[in-house]
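The block underneath contains the structure these notes are about, expressed in structure tokens.
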Amino acid sequence: MTTSLELPEGLPVPEDDGGAAHLAGMKMPRVELLSTSGGIVDVAKLPGCTVLYIYPMTGRPDRELPAGWDEIPGARGCTPQSCSFRDHFAELKELGVAQVYGLSTQDTDYQREAKERLHLPFELLSDSNFKLGDVMRLPYFEVDGVRLFKRMALILDGANIRHVFYPVFPPDRNAGDVVAWLRENNA
């Protein structure tokens, strides 16, 4: 049996479907999102370097994942991805990252449980109404009638998208890949 921090063997690898090809070089739109702190974050007004990682949904210990979750390429691994950014948080700050945010379509109360349980030192942002997702045409998939973002990570310089990681696999290595990219490109 695997824990929520371990990825099961044999997960299908997501393929680059071109769904994020338009994002590199794009400017973040003026969209305000609710954070787990209860504040509002306007993604067009983020100062300095920001890492925004986008994930489908975190599971909860008291709830089952959707049927067939492990068979959906790229779906499994939100908790390991979040924990990876938690574990690399100090290193990201040392590399000049002003802020890290996680983003999903889950509501803020749901996200708050994950932030507390996983001891995340950064806020999670909710795009439950797809305001940002629709304006930016973020890639998504549907499961059980629910629309969820496909996993990716963006490196922002102010409001400008400097780099896009897509698709992300395995998700538990995403933060390490971001660190490596920052080391190479911020020297």
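Residue numbering restarts at 1 in every chain; chains get A, B, ... in the order shown in the structure tokens, and ligands count up from 1 in that same order.
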Using only C-alpha atoms, determine which residues lie at most 12 Å from Asp109 in chain A, disregarding the query and same-chain residues fewer than 3 positions distant; provide the list as an mmCIF file with N, CA and C atoms, in the first residue's frame.
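Full text of part-v7.cif as output:
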```cif
data_model
loop_
_atom_site.group_PDB
_atom_site.id
_atom_site.type_symbol
_atom_site.label_atom_id
_atom_site.label_comp_id
_atom_site.auth_asym_id
_atom_site.auth_seq_id
_atom_site.Cartn_x
_atom_site.Cartn_y
_atom_site.Cartn_z
ATOM 1 N N LEU A 34 -8.924 34.021 -4.245
ATOM 2 C CA LEU A 34 -8.944 33.881 -2.795
ATOM 3 C C LEU A 34 -7.840 32.910 -2.372
ATOM 4 N N SER A 35 -7.101 33.295 -1.322
ATOM 5 C CA SER A 35 -6.032 32.437 -0.820
ATOM 6 C C SER A 35 -6.467 31.780 0.485
ATOM 7 N N THR A 36 -5.705 30.778 0.884
ATOM 8 C CA THR A 36 -6.014 30.052 2.112
ATOM 9 C C THR A 36 -5.848 30.908 3.354
ATOM 10 N N SER A 37 -5.194 32.064 3.243
ATOM 11 C CA SER A 37 -5.086 32.980 4.381
ATOM 12 C C SER A 37 -6.350 33.821 4.534
ATOM 13 N N GLY A 38 -7.229 33.762 3.537
ATOM 14 C CA GLY A 38 -8.428 34.579 3.530
ATOM 15 C C GLY A 38 -8.250 35.861 2.738
ATOM 16 N N THR A 105 -8.657 24.178 -8.624
ATOM 17 C CA THR A 105 -10.052 24.606 -8.732
ATOM 18 C C THR A 105 -10.848 24.267 -7.475
ATOM 19 N N GLN A 106 -10.202 23.706 -6.486
ATOM 20 C CA GLN A 106 -10.886 23.390 -5.233
ATOM 21 C C GLN A 106 -11.192 24.673 -4.473
ATOM 22 N N ARG A 112 -7.593 24.828 2.465
ATOM 23 C CA ARG A 112 -7.076 25.169 3.794
ATOM 24 C C ARG A 112 -6.749 23.897 4.583
ATOM 25 N N GLU A 113 -7.596 22.881 4.462
ATOM 26 C CA GLU A 113 -7.336 21.606 5.146
ATOM 27 C C GLU A 113 -6.006 21.025 4.681
ATOM 28 N N ALA A 114 -5.766 21.049 3.366
ATOM 29 C CA ALA A 114 -4.519 20.508 2.825
ATOM 30 C C ALA A 114 -3.319 21.337 3.287
ATOM 31 N N LYS A 115 -3.436 22.645 3.255
ATOM 32 C CA LYS A 115 -2.337 23.521 3.676
ATOM 33 C C LYS A 115 -1.940 23.220 5.117
ATOM 34 N N GLU A 116 -2.926 23.084 5.992
ATOM 35 C CA GLU A 116 -2.647 22.805 7.400
ATOM 36 C C GLU A 116 -2.096 21.397 7.598
ATOM 37 N N LEU A 124 -2.276 28.574 -0.828
ATOM 38 C CA LEU A 124 -2.909 27.957 -1.980
ATOM 39 C C LEU A 124 -3.985 28.915 -2.477
ATOM 40 N N LEU A 125 -4.133 29.000 -3.785
ATOM 41 C CA LEU A 125 -5.110 29.890 -4.403
ATOM 42 C C LEU A 125 -6.216 29.075 -5.049
ATOM 43 N N SER A 126 -7.443 29.558 -4.921
ATOM 44 C CA SER A 126 -8.599 28.865 -5.483
ATOM 45 C C SER A 126 -9.089 29.569 -6.741
ATOM 46 N N SER A 128 -11.926 28.295 -8.269
ATOM 47 C CA SER A 128 -13.103 27.422 -8.351
ATOM 48 C C SER A 128 -14.107 27.884 -9.402
#
```
For this session: List the neighbours of Tyr140 in chain A out to 8 Å using only C-alpha atoms; skip same-chain residues closer than 5 positions along the sequence, and give me the result as a count of residues only.
Result: 4
Problem set entry | Contact residues around Val13 in chain A with only C-alpha atoms at 12 Å, ignoring same-chain residues under 5 positions, as number ranges by chain | A: 70-77, 151, 166-171
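Here CA of Ala175 in chain A stands at a distance of 6.5 Å from CA of His88 in chain A.
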Problem set entry | Which of range 4-186 of chain A fall in alpha helix (DSSP H), as a PyMOL selection string | chain A and resi 78-87+89-94+108-118+131-136+174-185
